[in-house]
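*Asks:* As input, take target17.pdb (PDB, C-alpha atoms):
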```pdb
ATOM      1  CA  MET A   1      15.322  10.558  -3.942
ATOM      2  CA  ALA A   2      16.045   8.769  -7.214
ATOM      3  CA  LEU A   3      15.343   5.411  -5.565
ATOM      4  CA  ALA A   4      11.966   6.602  -4.269
ATOM      5  CA  LEU A   5      10.993   7.929  -7.699
ATOM      6  CA  GLY A   6      11.959   4.651  -9.363
ATOM      7  CA  ILE A   7       9.973   2.624  -6.837
ATOM      8  CA  ALA A   8       6.995   4.960  -7.308
ATOM      9  CA  LEU A   9       7.007   4.349 -11.061
ATOM     10  CA  LEU A  10       7.223   0.588 -10.548
ATOM     11  CA  ALA A  11       4.376   0.774  -8.031
ATOM     12  CA  VAL A  12       2.177   2.599 -10.564
ATOM     13  CA  LEU A  13       2.927  -0.124 -13.131
ATOM     14  CA  ALA A  14       2.152  -2.848 -10.584
ATOM     15  CA  GLY A  15      -1.090  -1.131  -9.641
ATOM     16  CA  LEU A  16      -2.185  -0.996 -13.271
ATOM     17  CA  LEU A  17      -1.321  -4.661 -13.813
ATOM     18  CA  LEU A  18      -3.416  -5.560 -10.756
ATOM     19  CA  GLY A  19      -6.411  -3.782 -12.242
ATOM     20  CA  GLY A  20      -6.090  -0.579 -10.230
ATOM     21  CA  ARG A  21      -6.560   3.008 -11.332
ATOM     22  CA  LEU A  22      -4.611   6.195 -10.664
ATOM     23  CA  SER A  23      -7.840   7.877  -9.591
ATOM     24  CA  GLY A  24      -7.774   5.703  -6.486
ATOM     25  CA  LEU A  25      -4.884   7.748  -5.078
ATOM     26  CA  ILE A  26      -7.246  10.709  -4.734
ATOM     27  CA  GLY A  27      -9.670   8.718  -2.631
ATOM     28  CA  LEU A  28      -7.019   7.186  -0.387
ATOM     29  CA  GLY A  29      -8.006   9.579   2.390
ATOM     30  CA  LEU A  30      -4.560  10.876   3.352
ATOM     31  CA  ARG A  31      -4.820  13.562   6.004
ATOM     32  CA  TRP A  32      -2.640  16.667   6.008
ATOM     33  CA  ALA A  33      -1.146  15.690   2.645
ATOM     34  CA  VAL A  34      -0.311  19.343   2.030
ATOM     35  CA  LEU A  35       2.561  18.955   4.526
ATOM     36  CA  LEU A  36       4.528  16.835   2.044
ATOM     37  CA  PRO A  37       4.992  19.507  -0.653
ATOM     38  CA  VAL A  38       5.823  22.019   2.093
ATOM     39  CA  ALA A  39       8.544  19.697   3.384
ATOM     40  CA  ALA A  40       9.863  19.230  -0.159
ATOM     41  CA  ALA A  41       9.900  23.006  -0.607
ATOM     42  CA  ALA A  42      12.070  23.351   2.506
ATOM     43  CA  GLN A  43      14.615  20.937   1.057
ATOM     44  CA  LEU A  44      14.511  22.671  -2.308
ATOM     45  CA  ALA A  45      15.047  26.061  -0.699
ATOM     46  CA  HIS A  46      18.203  24.792   0.971
ATOM     47  CA  ALA A  47      19.507  23.239  -2.226
ATOM     48  CA  VAL A  48      18.943  26.442  -4.226
ATOM     49  CA  LEU A  49      19.681  29.199  -1.721
ATOM     50  CA  ALA A  50      22.430  27.752   0.454
ATOM     51  CA  PRO A  51      23.678  24.394  -0.826
ATOM     52  CA  ASP A  52      27.025  24.663   0.973
ATOM     53  CA  SER A  53      25.675  25.775   4.342
ATOM     54  CA  ARG A  54      25.601  23.011   6.936
ATOM     55  CA  LEU A  55      23.432  25.163   9.221
ATOM     56  CA  ALA A  56      20.863  25.756   6.462
ATOM     57  CA  TYR A  57      20.826  22.040   5.762
ATOM     58  CA  LEU A  58      20.171  21.171   9.404
ATOM     59  CA  LEU A  59      17.395  23.773   9.657
ATOM     60  CA  ALA A  60      15.751  22.450   6.495
ATOM     61  CA  LEU A  61      16.095  18.912   7.825
ATOM     62  CA  LEU A  62      14.469  19.926  11.109
ATOM     63  CA  VAL A  63      11.505  21.507   9.316
ATOM     64  CA  THR A  64      11.158  18.498   7.023
ATOM     65  CA  THR A  65      11.290  16.044   9.927
ATOM     66  CA  VAL A  66       8.625  17.868  11.926
ATOM     67  CA  LEU A  67       6.268  18.122   8.949
ATOM     68  CA  ALA A  68       6.842  14.506   7.926
ATOM     69  CA  ALA A  69       6.264  13.313  11.499
ATOM     70  CA  ALA A  70       2.946  15.196  11.626
ATOM     71  CA  PHE A  71       1.873  13.624   8.329
ATOM     72  CA  VAL A  72       2.850  10.120   9.444
ATOM     73  CA  GLY A  73       1.086  10.510  12.783
ATOM     74  CA  ALA A  74      -2.125  11.549  11.054
ATOM     75  CA  ASN A  75      -2.074   8.571   8.651
ATOM     76  CA  LEU A  76      -0.743   5.627  10.636
ATOM     77  CA  THR A  77      -3.664   3.439   9.561
ATOM     78  CA  VAL A  78      -2.837   3.814   5.859
ATOM     79  CA  PRO A  79      -0.743   0.867   4.566
ATOM     80  CA  GLY A  80       2.795   2.014   3.787
ATOM     81  CA  VAL A  81       2.801   5.156   5.935
ATOM     82  CA  PRO A  82       4.298   3.435   9.023
ATOM     83  CA  LEU A  83       7.144   2.126   6.843
ATOM     84  CA  MET A  84       7.823   5.634   5.557
ATOM     85  CA  GLY A  85       7.767   6.985   9.089
ATOM     86  CA  LEU A  86      10.263   4.393  10.304
ATOM     87  CA  GLY A  87      12.587   5.125   7.393
ATOM     88  CA  LEU A  88      12.486   8.865   8.026
ATOM     89  CA  LEU A  89      13.136   8.263  11.719
ATOM     90  CA  LEU A  90      16.230   6.155  10.995
ATOM     91  CA  ASN A  91      17.595   8.725   8.542
ATOM     92  CA  SER A  92      17.010  11.542  11.005
ATOM     93  CA  ALA A  93      18.765   9.590  13.762
ATOM     94  CA  VAL A  94      21.981   9.009  11.790
ATOM     95  CA  VAL A  95      22.041  12.604  10.511
ATOM     96  CA  ALA A  96      21.520  13.974  14.022
ATOM     97  CA  ALA A  97      24.320  11.763  15.323
ATOM     98  CA  ASN A  98      26.822  12.902  12.661
ATOM     99  CA  GLY A  99      25.682  16.360  11.571
ATOM    100  CA  ALA A 100      25.129  15.053   8.012
ATOM    101  CA  MET A 101      24.387  11.791   6.247
ATOM    102  CA  PRO A 102      27.525   9.600   6.198
ATOM    103  CA  VAL A 103      28.258   7.948   2.849
ATOM    104  CA  SER A 104      30.392   4.865   2.319
ATOM    105  CA  LEU A 105      33.136   5.325  -0.256
ATOM    106  CA  GLU A 106      33.145   1.578  -0.889
ATOM    107  CA  ALA A 107      29.406   1.603  -1.586
ATOM    108  CA  LEU A 108      29.782   4.511  -4.032
ATOM    109  CA  ARG A 109      32.543   2.696  -5.898
ATOM    110  CA  ALA A 110      30.537  -0.543  -5.965
ATOM    111  CA  ALA A 111      27.605   1.344  -7.494
ATOM    112  CA  GLY A 112      29.870   3.025 -10.039
ATOM    113  CA  ALA A 113      28.885   6.484  -8.759
ATOM    114  CA  ASP A 114      30.989   9.647  -8.930
ATOM    115  CA  TRP A 115      31.967   9.847  -5.291
ATOM    116  CA  LEU A 116      33.319  13.389  -5.555
ATOM    117  CA  THR A 117      29.910  14.623  -6.678
ATOM    118  CA  ALA A 118      28.109  12.471  -4.108
ATOM    119  CA  ILE A 119      29.867  14.060  -1.141
ATOM    120  CA  GLY A 120      30.412  17.503  -2.607
ATOM    121  CA  ASP A 121      27.669  19.220  -0.595
ATOM    122  CA  ALA A 122      26.721  20.017   2.984
ATOM    123  CA  ARG A 123      24.343  17.074   3.250
ATOM    124  CA  HIS A 124      26.942  14.289   3.164
ATOM    125  CA  VAL A 125      30.194  13.260   4.810
ATOM    126  CA  LEU A 126      32.355  10.209   4.240
ATOM    127  CA  VAL A 127      32.001   7.256   6.578
ATOM    128  CA  GLY A 128      35.025   7.052   8.830
ATOM    129  CA  PRO A 129      36.239   5.640  12.151
ATOM    130  CA  GLY A 130      34.289   8.267  14.079
ATOM    131  CA  THR A 131      30.974   7.679  12.327
ATOM    132  CA  ARG A 132      28.096   6.984  14.677
ATOM    133  CA  LEU A 133      25.298   4.591  13.716
ATOM    134  CA  GLY A 134      27.246   3.677  10.618
ATOM    135  CA  TRP A 135      24.876   0.838   9.728
ATOM    136  CA  LEU A 136      22.172   3.470   9.133
ATOM    137  CA  ALA A 137      24.352   5.499   6.761
ATOM    138  CA  ASP A 138      24.381   5.375   2.956
ATOM    139  CA  VAL A 139      26.159   2.025   2.758
ATOM    140  CA  ILE A 140      23.971   0.148   0.241
ATOM    141  CA  PRO A 141      25.128   0.476  -3.395
ATOM    142  CA  VAL A 142      22.463   0.973  -6.069
ATOM    143  CA  ALA A 143      23.881   0.404  -9.557
ATOM    144  CA  ASP A 144      20.951   1.919 -11.415
ATOM    145  CA  PRO A 145      22.131   2.943 -14.910
ATOM    146  CA  LEU A 146      19.994   6.086 -14.680
ATOM    147  CA  HIS A 147      21.334   7.163 -11.310
ATOM    148  CA  ARG A 148      24.113   5.309  -9.500
ATOM    149  CA  GLU A 149      24.189   6.025  -5.794
ATOM    150  CA  ALA A 150      24.504   4.681  -2.267
ATOM    151  CA  VAL A 151      21.409   4.590  -0.077
ATOM    152  CA  SER A 152      20.554   3.852   3.530
ATOM    153  CA  VAL A 153      18.242   1.395   5.249
ATOM    154  CA  GLY A 154      15.956   4.343   5.918
ATOM    155  CA  ASP A 155      15.860   5.177   2.211
ATOM    156  CA  LEU A 156      14.783   1.619   1.406
ATOM    157  CA  LEU A 157      11.972   1.772   3.972
ATOM    158  CA  VAL A 158      10.755   5.136   2.669
ATOM    159  CA  ALA A 159      10.721   3.824  -0.910
ATOM    160  CA  ALA A 160       8.950   0.608   0.100
ATOM    161  CA  GLY A 161       6.338   2.560   2.053
ATOM    162  CA  LEU A 162       5.733   4.899  -0.868
ATOM    163  CA  GLY A 163       5.273   1.971  -3.235
ATOM    164  CA  LEU A 164       2.807   0.298  -0.863
ATOM    165  CA  ILE A 165       0.777   3.508  -0.553
ATOM    166  CA  ILE A 166       0.526   3.824  -4.342
ATOM    167  CA  VAL A 167      -0.458   0.202  -4.975
ATOM    168  CA  THR A 168      -2.992   0.229  -2.135
ATOM    169  CA  GLY A 169      -4.608   3.426  -3.354
ATOM    170  CA  MET A 170      -4.786   2.292  -6.956
ATOM    171  CA  ARG A 171      -6.347  -1.056  -6.075
ATOM    172  CA  GLN A 172      -9.083   0.656  -4.075
ATOM    173  CA  ALA A 173     -10.364   2.050  -7.376
ATOM    174  CA  ALA A 174     -10.299  -1.322  -9.146
ATOM    175  CA  PRO A 175     -13.603  -2.128 -10.881
ATOM    176  CA  PRO A 176     -15.665  -4.744  -9.010
ATOM    177  CA  ALA A 177     -15.752  -8.267 -10.350
ATOM    178  CA  PRO A 178     -18.884  -8.983 -12.430
ATOM    179  CA  ALA A 179     -21.625 -10.677 -10.450
ATOM    180  CA  ARG A 180     -22.431 -14.225 -11.454
ATOM    181  CA  ARG A 181     -25.940 -14.702 -12.769
ATOM    182  CA  PRO A 182     -27.924 -17.388 -10.932
ATOM    183  CA  GLN A 183     -28.680 -20.500 -12.914
ATOM    184  CA  PRO A 184     -32.354 -21.147 -13.823
ATOM    185  CA  GLY A 185     -34.054 -22.702 -10.841
ATOM    186  CA  ALA A 186     -31.084 -21.973  -8.570
ATOM    187  CA  GLY A 187     -32.199 -21.383  -5.021
ATOM    188  CA  GLN A 188     -35.689 -22.768  -5.643
ATOM    189  CA  PRO A 189     -36.825 -25.687  -3.412
ATOM    190  CA  GLU A 190     -37.169 -28.986  -5.156
ATOM    191  CA  PRO A 191     -40.791 -30.238  -5.431
ATOM    192  CA  VAL A 192     -41.753 -32.966  -2.993
ATOM    193  CA  ILE A 193     -42.976 -36.100  -4.772
ATOM    194  CA  ASP A 194     -45.602 -38.103  -2.896
ATOM    195  CA  LEU A 195     -45.021 -41.727  -3.854
ATOM    196  CA  ARG A 196     -48.376 -42.728  -2.341
ATOM    197  CA  GLU A 197     -50.192 -40.562  -4.850
ATOM    198  CA  ARG A 198     -48.267 -42.127  -7.724
ATOM    199  CA  LEU A 199     -48.987 -45.682  -6.501
ATOM    200  CA  GLY A 200     -52.647 -44.952  -5.721
ATOM    201  CA  VAL A 201     -52.307 -45.765  -2.020
ATOM    202  CA  ARG A 202     -55.032 -44.114   0.081
ATOM    203  CA  ARG A 203     -54.290 -42.502   3.394
ATOM    204  CA  VAL A 204     -56.200 -43.706   6.464
ATOM    205  CA  GLY A 205     -59.628 -42.036   6.626
ATOM    206  CA  GLU A 206     -59.319 -40.673   3.091
ATOM    207  CA  PRO A 207     -62.437 -41.273   0.876
ATOM    208  CA  ASN A 208     -61.927 -43.654  -2.042
ATOM    209  CA  GLY A 209     -62.663 -41.350  -4.928
ATOM    210  CA  ALA A 210     -65.983 -40.069  -6.173
ATOM    211  CA  GLY A 211     -67.705 -43.489  -6.369
ATOM    212  CA  GLY A 212     -66.954 -44.249  -2.781
ATOM    213  CA  GLY A 213     -68.573 -41.036  -1.748
ATOM    214  CA  ASP A 214     -71.816 -41.822  -3.603
ATOM    215  CA  SER A 215     -72.020 -45.308  -2.110
ATOM    216  CA  GLY A 216     -71.642 -43.909   1.345
ATOM    217  CA  ARG A 217     -74.450 -41.523   0.815
ATOM    218  CA  GLY A 218     -76.692 -44.323  -0.554
ATOM    219  CA  ASP A 219     -76.066 -46.520   2.473
ATOM    220  CA  SER A 220     -76.869 -43.759   4.880
ATOM    221  CA  GLU A 221     -80.063 -42.923   3.076
ATOM    222  CA  GLY A 222     -81.192 -46.574   3.080
TER     223      GLY A 222
END
```
Could you write out this structure as structure tokens?
*Replies:*
Amino acid sequence: MALALGIALLAVLAGLLLGGRLSGLIGLGLRWAVLLPVAAAAQLAHAVLAPDSRLAYLLALLVTTVLAAAFVGANLTVPGVPLMGLGLLLNSAVVAANGAMPVSLEALRAAGADWLTAIGDARHVLVGPGTRLGWLADVIPVADPLHREAVSVGDLLVAAGLGLIIVTGMRQAAPPAPARRPQPGAGQPEPVIDLRERLGVRRVGEPNGAGGGDSGRGDSEG
């Protein structure tokens, strides 16, 4: 969770530096976005009402997974959403295989985290010889001074997907580049210069000026 929040803040900063606006997130066109706060509420309810109950944790996880899957399926064309979906799928797979998210003690120590606090709830168990899909567990140390923890491959994908969604949405609201004004005469055809007119060369059958016309009339009258 802390990793995703940190990536979200960095994504907002990147979006601003790229000329985007926060208002673009509103027009991103995410469908069924209301499912996300409902899923978060399910997790919060477990953490507040029954933090030590493994059954309550699994039920909350099931509700969250179903809601998140519905949201991802409705927004697969939005950049970043497929990454989030893959990350959630990997996390759900390792939790389903072990009954909780396995956490590596070595990764917690490498990150400088308090490992007793990290595994002191129903959501986590220590990685051991019987751990299934151990490479999907929380085995990646994150030595963030604000929150030291161990995260999973799925967590990284979820955070990356969230960041991509934010940057994409913000850049959609970027102001358009100013149009370049056309230069004077740009796009106008160049005048055709008739060299024969400049040199005084007559075309075949063309009368030779006004005098020639008078002479012709005099001859015909005579």
*Asks:* Which one of A:Ala150, A:Ala159, A:Met84, A:Val125 sits closest to Ala113 of chain A if you count only C-alpha atoms?
*Replies:*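 Looking at the shortest contact to Ala113 of chain A, the residue is A:Ala150.
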*Asks:* Between atom CA of Ile26 of chain A and atom CA of Val66 of chain A, what is the spacing in Å?
*Replies:*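 Atom CA of Val66 of chain A sits 24.1 Å away from atom CA of Ile26 of chain A.
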*Asks:* If the PyMOL selection byres ((chain A and resi 62) around 12) were run on this exact file, what residues would it hold? Put them as a list in words.
*Replies:*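 So the PyMOL selection byres ((chain A and resi 62) around 12) ends up selecting Ala39, Ala42, Gln43, His46, Leu55, Ala56, Tyr57, Leu58, Leu59, Ala60, Leu61, Val63, Thr64, Thr65, Val66, Leu67, Ala68, Ala69, Leu88, Leu89, Asn91, Ser92, Ala93, Val95, Ala96 and Gly99 of chain A.
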*Asks:* Have a look at atom CA of Val142 of chain A and atom CA of Thr117 of chain A and let me know their distance in Å, one decimal.
*Replies:*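 Between atom CA of Val142 of chain A and atom CA of Thr117 of chain A the gap works out to 15.6 Å.
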*Asks:* Could you jot down the atom CA of Leu25 of chain A to atom CA of Leu10 of chain A separation for me, Å, one decimal place?
*Replies:* 15.1 Å
*Asks:* I need the residue nearest Val94 of chain A from this list: A:Val153, A:Ala118, A:Ala110, A:Ala70. Use all atoms listed in the file for the distance.
*Replies:*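 Checking each candidate against Val94 of chain A, we get A:Val153 as the closest.
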